[in-house]
>>> print(open('target.txt').read())   # compact mmCIF, C-alpha atoms
# COMPACT_ATOMS: atom_id res chain seq x y z
CA MET A 188 1.61 28.87 27.62
CA LYS A 189 1.31 30.32 24.17
CA HIS A 190 -0.47 28.51 21.37
CA ASN A 191 0.18 30.64 18.32
CA HIS A 192 2.34 29.97 15.27
CA GLY A 193 1.51 26.24 15.39
CA TRP A 194 3.75 25.20 18.24
CA GLU A 195 2.55 22.94 21.02
CA HIS A 196 4.10 24.54 24.08
CA SER A 197 6.02 27.69 24.82
CA HIS A 198 7.90 28.49 27.96
CA GLN A 199 10.70 30.47 29.44
CA PRO A 200 12.74 27.88 31.40
CA SER A 201 13.18 28.76 35.03
CA THR A 202 15.78 26.66 36.84
CA MET A 203 18.25 24.13 35.57
CA GLY A 204 18.87 20.93 37.52
CA HIS A 205 15.14 20.65 38.27
CA GLY A 206 13.95 21.15 34.68
CA PRO A 207 12.08 23.99 33.05
CA LEU A 208 8.44 24.69 33.70
CA HIS A 209 5.88 22.38 32.03
CA ARG A 210 8.28 19.51 31.37
CA ARG A 211 5.95 17.49 33.59
CA ASP A 212 3.46 17.66 30.70
CA PHE A 213 5.86 15.63 28.58
CA LEU A 214 6.74 13.24 31.38
CA CYS A 215 3.10 12.49 32.10
CA ARG A 216 2.43 11.74 28.45
CA CYS A 217 5.32 9.27 28.39
CA CYS A 218 4.55 7.42 31.61
CA VAL A 219 4.36 3.67 31.30
CA GLY A 220 0.76 2.56 30.96
CA GLY A 221 -0.31 5.82 29.35
CA VAL A 222 -3.46 5.60 27.28
CA ALA A 223 -3.28 6.58 23.61
CA SER A 224 -6.30 7.95 21.79
CA ALA A 225 -8.56 5.69 19.74
CA ALA A 226 -7.48 7.45 16.56
CA MET A 227 -3.81 6.78 17.29
CA LEU A 228 -4.39 3.13 18.05
CA ALA A 229 -6.77 2.37 15.20
CA GLY A 230 -5.78 -0.94 13.67
CA ILE A 231 -3.10 -1.77 16.24
CA ASN A 232 -4.82 -4.95 17.36
CA ARG A 233 -5.59 -6.35 13.92
CA PRO A 234 -4.56 -10.03 14.08
CA ALA A 235 -1.65 -11.20 11.94
CA LEU A 236 -1.99 -13.93 9.37
CA ALA A 237 -1.45 -17.44 10.72
CA ASP A 238 1.80 -17.97 8.82
CA GLU A 239 3.53 -14.78 9.87
CA VAL A 240 4.37 -12.57 12.81
CA THR A 241 3.47 -8.89 12.64
CA PHE A 242 5.45 -6.27 14.51
CA LYS A 243 3.68 -2.98 15.12
CA ALA A 244 6.16 -0.11 14.93
CA THR A 245 6.39 3.63 15.44
CA HIS A 246 8.96 5.87 13.78
CA GLY A 247 9.98 9.47 13.25
CA THR A 248 10.31 11.43 10.03
CA GLY A 249 14.05 12.04 9.63
CA LEU A 250 16.62 10.27 7.50
CA CYS A 251 17.65 8.25 10.55
CA ASN A 252 14.52 6.21 9.80
CA LEU A 253 15.64 5.26 6.29
CA ALA A 254 16.52 1.66 7.22
CA ILE A 255 13.13 0.88 8.71
CA PHE A 256 11.40 2.72 5.84
CA LEU A 257 13.22 0.59 3.29
CA ALA A 258 12.49 -2.57 5.27
CA HIS A 259 8.81 -1.62 5.23
CA LYS A 260 8.65 -0.48 1.61
CA ARG A 261 10.69 -3.32 0.13
CA LYS A 262 9.42 -6.01 2.52
CA TYR A 263 12.91 -7.28 3.28
CA ALA A 264 11.63 -9.45 6.14
CA ALA A 265 8.59 -10.99 4.43
CA ALA A 266 10.42 -14.08 3.20
CA ASP A 267 11.36 -14.87 6.80
CA GLY A 268 7.79 -14.56 8.05
CA LEU A 269 7.89 -11.06 9.49
CA ASN A 270 5.43 -8.34 8.58
CA LEU A 271 6.24 -4.78 9.63
CA GLU A 272 3.23 -2.57 10.22
CA PHE A 273 3.58 1.14 10.95
CA VAL A 274 1.31 2.91 13.40
CA SER A 275 0.78 6.59 12.63
CA THR A 276 1.29 9.09 15.44
CA PRO A 277 -0.18 12.60 15.51
CA SER A 278 2.94 14.16 17.02
CA ILE A 279 6.58 13.43 17.81
CA ALA A 280 5.81 12.98 21.52
CA ASP A 281 3.23 10.32 20.72
CA ILE A 282 5.95 8.06 19.26
CA THR A 283 7.40 7.72 22.74
CA THR A 284 4.02 7.52 24.46
CA ILE A 285 2.53 4.58 22.61
CA PHE A 286 5.78 2.62 22.53
CA GLY A 287 6.34 3.10 26.26
CA SER A 288 2.75 2.11 27.04
CA GLY A 289 3.24 -1.24 25.30
CA GLN A 290 0.87 -0.61 22.42
CA VAL A 291 3.52 -1.37 19.79
CA ASP A 292 6.43 -3.78 19.61
CA ILE A 293 9.21 -1.77 17.96
CA SER A 294 10.19 1.88 17.69
CA SER A 295 12.71 3.85 15.69
CA ILE A 296 13.27 6.48 18.35
CA PRO A 297 15.75 9.16 19.45
CA TYR A 298 17.85 7.55 22.17
CA THR A 299 17.22 10.45 24.57
CA ASN A 300 13.44 9.91 24.32
CA PHE A 301 14.16 6.26 25.06
CA PHE A 302 15.92 7.39 28.26
CA THR A 303 12.64 8.84 29.56
CA LEU A 304 10.99 5.44 29.20
CA VAL A 305 13.78 3.65 31.04
CA ASP A 306 13.56 6.27 33.78
CA LYS A 307 9.87 5.42 34.20
CA GLY A 308 10.54 1.69 34.31
CA ALA A 309 9.27 0.75 30.87
CA PRO A 310 10.20 -2.83 29.86
CA VAL A 311 12.10 -1.90 26.70
CA LYS A 312 15.61 -2.37 25.28
CA ILE A 313 17.78 -0.79 22.61
CA ILE A 314 18.53 -3.62 20.16
CA SER A 315 20.39 -1.81 17.36
CA GLY A 316 21.35 1.56 16.02
CA THR A 317 19.84 3.20 12.98
CA GLY A 318 20.81 6.82 12.15
CA VAL A 319 23.94 8.81 12.89
CA GLU A 320 24.71 12.53 12.59
CA GLY A 321 22.32 14.89 10.79
CA ILE A 322 21.14 17.06 13.71
CA ILE A 323 21.49 20.65 12.54
CA LEU A 324 21.20 23.99 14.33
CA VAL A 325 19.90 26.64 11.92
CA SER A 326 19.45 30.34 12.67
CA GLN A 327 17.91 33.30 10.89
CA PRO A 328 20.08 35.74 8.88
CA GLY A 329 22.35 37.82 11.10
CA LEU A 330 22.15 35.45 14.07
CA ASP A 331 25.50 33.86 13.40
CA SER A 332 26.80 33.40 16.96
CA ALA A 333 25.62 32.24 20.37
CA GLU A 334 25.96 35.78 21.75
CA LYS A 335 23.40 37.08 19.26
CA LEU A 336 20.90 34.39 20.22
CA LYS A 337 20.38 35.58 23.79
CA GLY A 338 16.70 36.38 24.29
CA LYS A 339 15.75 34.78 20.98
CA THR A 340 13.44 31.84 20.31
CA LEU A 341 14.51 28.23 19.84
CA GLY A 342 12.24 25.63 18.27
CA THR A 343 12.75 21.96 19.05
CA PHE A 344 11.09 18.79 20.45
CA GLN A 345 10.92 17.70 24.07
CA ALA A 346 13.56 15.27 25.33
CA ASP A 347 14.63 14.65 21.74
CA THR A 348 18.24 14.39 20.60
CA LEU A 349 17.45 17.69 18.87
CA GLU A 350 16.79 19.42 22.17
CA VAL A 351 19.79 17.84 23.86
CA LEU A 352 22.18 18.90 21.10
CA ALA A 353 20.88 22.48 21.27
CA TYR A 354 21.31 22.46 25.06
CA ASP A 355 24.85 21.10 24.81
CA TRP A 356 25.82 23.55 22.06
CA LEU A 357 24.53 26.58 23.96
CA GLN A 358 26.40 25.49 27.07
CA LYS A 359 29.60 25.02 25.11
CA HIS A 360 29.29 28.56 23.75
CA GLY A 361 28.58 30.19 27.11
CA LEU A 362 24.83 30.69 26.78
CA ALA A 363 22.45 29.25 29.35
CA TYR A 364 19.36 27.42 28.16
CA THR A 365 17.36 29.87 30.25
CA ASP A 366 18.70 32.69 28.06
CA MET A 367 16.43 31.56 25.22
CA GLU A 368 12.69 31.14 24.89
CA VAL A 369 12.21 27.47 24.04
CA ARG A 370 9.16 26.45 22.03
CA PHE A 371 8.19 22.83 21.49
CA PHE A 372 6.59 21.68 18.27
CA GLY A 373 4.35 18.82 17.29
CA SER A 374 5.87 17.78 13.98
CA VAL A 375 9.13 18.06 12.09
CA PRO A 376 7.68 19.70 8.93
CA GLU A 377 5.81 22.20 11.10
CA LEU A 378 9.06 23.31 12.73
CA THR A 379 10.72 23.95 9.37
CA ASP A 380 7.68 25.76 7.97
CA THR A 381 7.58 28.06 11.01
CA PHE A 382 11.27 28.89 10.59
CA ILE A 383 10.86 29.60 6.88
CA ALA A 384 7.95 31.90 7.74
CA GLY A 385 10.32 33.90 9.98
CA LYS A 386 8.34 33.23 13.15
CA ILE A 387 11.19 31.67 15.11
CA ASP A 388 14.86 32.59 15.38
CA MET A 389 16.67 29.26 15.67
CA ILE A 390 15.75 25.63 15.22
CA SER A 391 17.35 22.33 16.08
CA GLN A 392 16.25 20.20 13.18
CA ILE A 393 16.81 16.81 11.57
CA GLU A 394 17.60 16.00 7.98
CA PRO A 395 16.18 16.40 5.37
CA TYR A 396 14.11 19.17 7.00
CA ALA A 397 17.18 21.06 8.21
CA SER A 398 18.37 21.36 4.61
CA LYS A 399 14.89 22.47 3.60
CA ALA A 400 15.03 25.23 6.24
CA LEU A 401 18.44 26.43 5.06
CA GLN A 402 17.27 26.51 1.46
CA GLY A 403 14.02 28.21 2.39
CA VAL A 404 15.64 31.20 4.12
CA PRO A 405 18.41 32.88 2.09
CA GLY A 406 21.23 33.99 4.36
CA SER A 407 20.33 31.62 7.19
CA HIS A 408 23.18 30.05 9.14
CA LEU A 409 24.21 26.48 9.83
CA LEU A 410 25.51 26.92 13.36
CA SER A 411 26.30 23.29 14.06
CA ASP A 412 25.95 19.86 12.51
CA GLY A 413 26.72 18.16 15.81
CA THR A 414 30.17 16.92 14.85
CA ASP A 415 31.75 20.00 16.42
CA LEU A 416 30.28 18.83 19.74
CA TYR A 417 30.26 15.07 19.52
CA GLY A 418 32.64 14.09 16.75
CA PRO A 419 31.79 11.92 13.75
CA ARG A 420 29.14 9.20 13.68
CA TYR A 421 27.32 10.34 16.81
CA THR A 422 24.01 8.62 17.49
CA ASP A 423 20.68 10.19 16.68
CA CYS A 424 18.13 7.36 16.65
CA VAL A 425 18.10 3.74 17.71
CA ILE A 426 15.83 0.74 17.24
CA ALA A 427 14.15 -0.31 20.47
CA ALA A 428 11.97 -3.32 21.24
CA SER A 429 9.69 -4.30 24.09
CA ASP A 430 10.93 -6.99 26.45
CA ARG A 431 7.77 -8.89 25.59
CA VAL A 432 8.52 -9.16 21.89
CA ILE A 433 12.16 -10.06 22.60
CA LYS A 434 10.98 -12.90 24.85
CA ASP A 435 8.15 -14.14 22.62
CA HIS A 436 9.64 -13.58 19.16
CA ARG A 437 13.39 -13.35 19.53
CA ASP A 438 13.93 -15.05 16.16
CA LYS A 439 11.76 -12.46 14.43
CA VAL A 440 13.58 -9.60 16.15
CA LYS A 441 16.72 -10.98 14.52
CA VAL A 442 14.88 -11.01 11.18
CA LEU A 443 14.09 -7.33 11.70
CA ILE A 444 17.70 -6.47 12.52
CA LYS A 445 18.86 -8.28 9.38
CA ALA A 446 16.28 -6.31 7.36
CA LEU A 447 17.62 -3.06 8.81
CA MET A 448 21.14 -4.11 7.89
CA MET A 449 19.90 -4.82 4.35
CA GLY A 450 18.45 -1.32 4.30
CA GLN A 451 21.81 0.15 5.25
CA HIS A 452 23.60 -1.94 2.64
CA ASP A 453 21.19 -1.08 -0.17
CA SER A 454 21.14 2.63 0.66
CA GLU A 455 24.95 2.71 0.64
CA LYS A 456 25.06 0.83 -2.65
CA ASP A 457 22.38 2.89 -4.42
CA ARG A 458 21.31 6.04 -2.58
CA VAL A 459 19.29 7.32 -5.53
CA SER A 460 17.08 4.24 -5.59
CA ALA A 461 16.68 4.27 -1.81
CA ILE A 462 15.52 7.88 -1.80
CA LYS A 463 13.21 7.35 -4.78
CA ASP A 464 11.50 4.57 -2.87
CA THR A 465 10.94 6.70 0.23
CA VAL A 466 10.46 10.34 -0.84
CA GLY A 467 6.85 11.43 -0.91
CA THR A 468 5.54 8.45 1.03
CA TYR A 469 7.84 8.76 4.04
CA TYR A 470 9.62 12.10 3.48
CA LYS A 471 7.68 15.29 2.86
CA ALA A 472 10.40 17.10 0.93
CA ASP A 473 11.50 17.15 -2.69
CA PHE A 474 13.74 14.43 -4.09
CA ASP A 475 16.88 16.57 -4.55
CA THR A 476 16.72 17.93 -1.00
CA VAL A 477 16.32 14.46 0.51
CA LEU A 478 19.05 12.97 -1.69
CA ASN A 479 21.55 15.70 -0.80
CA ALA A 480 20.67 15.52 2.89
CA SER A 481 21.27 11.77 2.89
CA THR A 482 25.02 12.49 2.78
CA THR A 483 24.87 14.30 6.13
CA GLN A 484 22.65 11.82 7.98
CA TYR A 485 23.18 8.18 7.22
CA LEU A 486 22.69 4.69 8.57
CA MET A 487 24.77 2.74 11.05
CA ILE A 488 22.93 -0.30 12.36
CA ASP A 489 25.83 -1.58 14.45
CA GLN A 490 26.17 1.13 17.08
CA ARG A 491 27.75 -0.95 19.81
CA PRO A 492 30.74 1.45 19.80
CA ASN A 493 28.33 4.32 20.60
CA GLN A 494 26.95 2.82 23.79
CA GLN A 495 29.08 4.95 26.10
CA PHE A 496 28.40 8.07 24.02
CA MET A 497 24.68 7.58 24.60
CA LEU A 498 25.11 6.92 28.31
CA ASP A 499 27.20 10.08 28.62
CA ARG A 500 24.33 12.18 27.29
CA ALA A 501 22.16 11.14 30.23
CA LYS A 502 23.74 13.97 32.22
CA SER A 503 22.25 16.60 29.90
CA VAL A 504 18.89 14.82 29.76
CA GLY A 505 18.85 14.85 33.56
CA GLU A 506 19.79 18.54 33.75
CA LEU A 507 16.89 19.29 31.42
CA GLY A 508 14.57 17.62 33.93
CA TYR A 509 13.47 14.57 31.95
CA ILE A 510 15.08 11.81 33.99
CA SER A 511 15.92 11.46 37.67
CA LYS A 512 17.64 8.08 37.80
CA SER A 513 21.09 7.02 36.71
CA LEU A 514 21.22 4.91 33.56
CA ASP A 515 23.39 1.88 32.93
CA PRO A 516 24.19 -0.61 30.15
CA THR A 517 21.29 -2.90 31.09
CA MET A 518 19.06 -0.82 28.81
CA PHE A 519 20.97 -2.24 25.82
CA ASP A 520 20.57 -5.75 24.44
CA TRP A 521 23.07 -6.18 21.61
CA SER A 522 22.92 -9.99 21.71
CA MET A 523 20.56 -10.36 18.76
CA LEU A 524 22.56 -7.87 16.68
CA GLN A 525 25.72 -9.82 17.45
CA GLU A 526 24.08 -13.06 16.32
CA VAL A 527 22.78 -11.49 13.10
CA ILE A 528 26.29 -10.24 12.31
CA ALA A 529 27.77 -13.70 12.98
CA GLU A 530 25.14 -15.37 10.80
CA ASN A 531 25.40 -12.86 7.93
CA ARG A 532 29.12 -12.16 7.67
CA ASP A 533 29.08 -11.30 3.96
CA LEU A 534 26.30 -8.74 4.45
CA TYR A 535 28.10 -7.18 7.41
CA ARG A 536 31.48 -7.08 5.65
CA ASN A 537 29.89 -5.20 2.75
CA LEU A 538 28.55 -2.39 4.93
CA ILE A 539 30.48 0.85 4.54
CA VAL A 540 29.66 2.40 7.93
CA VAL A 541 30.43 0.12 10.86
>>> encode(input="target.txt", output="structure tokens")
Amino acid sequence: MKHNHGWEHSHQPSTMGHGPLHRRDFLCRCCVGGVASAAMLAGINRPALADEVTFKATHGTGLCNLAIFLAHKRKYAAADGLNLEFVSTPSIADITTIFGSGQVDISSIPYTNFFTLVDKGAPVKIISGTGVEGIILVSQPGLDSAEKLKGKTLGTFQADTLEVLAYDWLQKHGLAYTDMEVRFFGSVPELTDTFIAGKIDMISQIEPYASKALQGVPGSHLLSDGTDLYGPRYTDCVIAASDRVIKDHRDKVKVLIKALMMGQHDSEKDRVSAIKDTVGTYYKADFDTVLNASTTQYLMIDQRPNQQFMLDRAKSVGELGYISKSLDPTMFDWSMLQEVIAENRDLYRNLIVV
């Protein structure tokens, strides 16, 4: 393994169908019952006030998290007795680890990372969608086709939708995943910074950091925005909850889903205000970049129509070596989303993307 240029792991994949070398490192970190470090879990067990319920939540850094960021920033759920508390994670992989180990209640998570938890038997469910589209493949100047990428380096994140899209795109264009050197990173900004520094040839990146990479390297190429593979409104991230919190606080889970729907509504109504409230605190990119990128990755809380799309991607996740079991619709629980929609018809009717 290499440990230069800031990336976490580096490997040359060996055989497909059984997964590349060192994927076991990721799988071990995400096993149910995994122990997170004291620094990661600091404050997780702080008791909630007597008159409210507190949900601990993990999240990523892309625009797919805008709904939960707005719910947190604007306290949409406070009036209904729900406090949302974010738990910081040192790396992207840790989002999956601490959610799967039951240390938090809720996670805004790439659905393919969620698959790894289901494969390990974690008691968790997808309860709503959050972000769609916005996964971008970016390459250095001159590397404008799959053929030119053979033997080059790809930067991504393990078991993420970012890795799966890159895998699917390369396959579509006749290039095996083993034809590239795949390097896994610890954070989204780190991946973009490494690309801008010219230390990696191609990245699979999320908005707004994909736009930042394109702007940071004159002549770089946007190879795919995912729609050429998957069509419009493909899923990136979902909102998942532990079975425990669904059982113990089902009414508050519905409060959360309503708050997410409010986030979608308000961001559609006034994108400028939504980005102003989140840039800097939640997004480490300048305002104009985040605002422009918000047109290429946006919110879609009701992703019931995308259920089969997500299940279909399990084939690629399995070929990459992250899951070994077949997946089925039991990992989804749309019942609370359906009730929120029925109880808030005006809010739902005023959403643009459904």
>>> atom_distance(input="target.txt", atom1="atom CA of A:Ser374", atom2="atom CA of A:Asp499")
27.0 Å
>>> atom_distance(input="target.txt", atom1="atom CA of A:Asp464", atom2="atom CA of A:Val477")
11.5 Å
>>> atom_distance(input="target.txt", atom1="atom CA of A:Val541", atom2="atom CA of A:Met487")
6.2 Å
>>> residues_around(input="target.txt", residues="A:Asp347", least_positions_apart="4", cutoff="10 Å", atoms="only C-alpha atoms", output="list in words")
Ile279, Ala280, Ile296, Pro297, Tyr298, Thr299, Asn300, Phe301, Phe302, Thr303, Thr343, Val351, Leu352, Ser391, Asp423, Cys424 and Val504 of chain A
>>> closest_residue(input="target.txt", among="A:Leu534, A:Val540, A:Ala333, A:Leu409", to="A:Asp366", atoms="only C-alpha atoms")
A:Ala333
>>> closest_residue(input="target.txt", among="A:Arg420, A:Arg370, A:Lys312, A:Lys339", to="A:Phe496", atoms="all atoms listed in the file")
A:Arg420
>>> residues_near_point(input="target.txt", point="(27.2, 5.4, 27.4)", cutoff="12 Å", atoms="all atoms listed in the file", output="ChimeraX atom specification")
/A:298-299,302,421-422,490-502,513-519
>>> residues_around(input="target.txt", residues="A:Val240", least_positions_apart="4", cutoff="12 Å", atoms="all atoms listed in the file", output="ChimeraX atom specification")
/A:233-236,264-272,292,432,435-440,442-443
>>> closest_residue(input="target.txt", among="A:Leu257, A:Ala428, A:Ile433, A:Val319", to="A:Ser294", atoms="all atoms listed in the file")
A:Ala428
>>> closest_residue(input="target.txt", among="A:Thr482, A:Met367, A:Gly321, A:Ala309", to="A:Tyr417", atoms="only C-alpha atoms")
A:Gly321
>>> closest_residue(input="target.txt", among="A:Ile390, A:Val466, A:Val305, A:Leu447", to="A:Ser411", atoms="all atoms listed in the file")
A:Ile390
>>> decode(input="target.txt", residues="stretch 496-519 of chain A", atoms="C-alpha atoms", output="mmCIF file, in the first residue's frame")
data_model
loop_
_atom_site.group_PDB
_atom_site.id
_atom_site.type_symbol
_atom_site.label_atom_id
_atom_site.label_comp_id
_atom_site.auth_asym_id
_atom_site.auth_seq_id
_atom_site.Cartn_x
_atom_site.Cartn_y
_atom_site.Cartn_z
ATOM 1 C CA PHE A 496 -32.675 1.445 -9.685
ATOM 2 C CA MET A 497 -30.872 1.091 -6.359
ATOM 3 C CA LEU A 498 -31.450 -2.651 -6.184
ATOM 4 C CA ASP A 499 -30.094 -3.019 -9.718
ATOM 5 C CA ARG A 500 -26.785 -1.471 -8.667
ATOM 6 C CA ALA A 501 -26.200 -4.288 -6.192
ATOM 7 C CA LYS A 502 -24.720 -6.311 -9.050
ATOM 8 C CA SER A 503 -21.843 -3.842 -9.468
ATOM 9 C CA VAL A 504 -21.341 -3.536 -5.714
ATOM 10 C CA GLY A 505 -21.082 -7.319 -5.553
ATOM 11 C CA GLU A 506 -18.629 -7.487 -8.462
ATOM 12 C CA LEU A 507 -16.455 -4.967 -6.640
ATOM 13 C CA GLY A 508 -16.329 -7.362 -3.695
ATOM 14 C CA TYR A 509 -18.266 -5.389 -1.093
ATOM 15 C CA ILE A 510 -21.336 -7.587 -0.708
ATOM 16 C CA SER A 511 -21.902 -11.318 -1.048
ATOM 17 C CA LYS A 512 -25.639 -11.636 -0.459
ATOM 18 C CA SER A 513 -28.570 -10.783 -2.683
ATOM 19 C CA LEU A 514 -30.530 -7.704 -1.663
ATOM 20 C CA ASP A 515 -34.287 -7.276 -1.680
ATOM 21 C CA PRO A 516 -36.920 -4.610 -0.978
ATOM 22 C CA THR A 517 -37.038 -5.416 2.744
ATOM 23 C CA MET A 518 -34.180 -2.953 3.265
ATOM 24 C CA PHE A 519 -36.606 -0.122 2.424
#
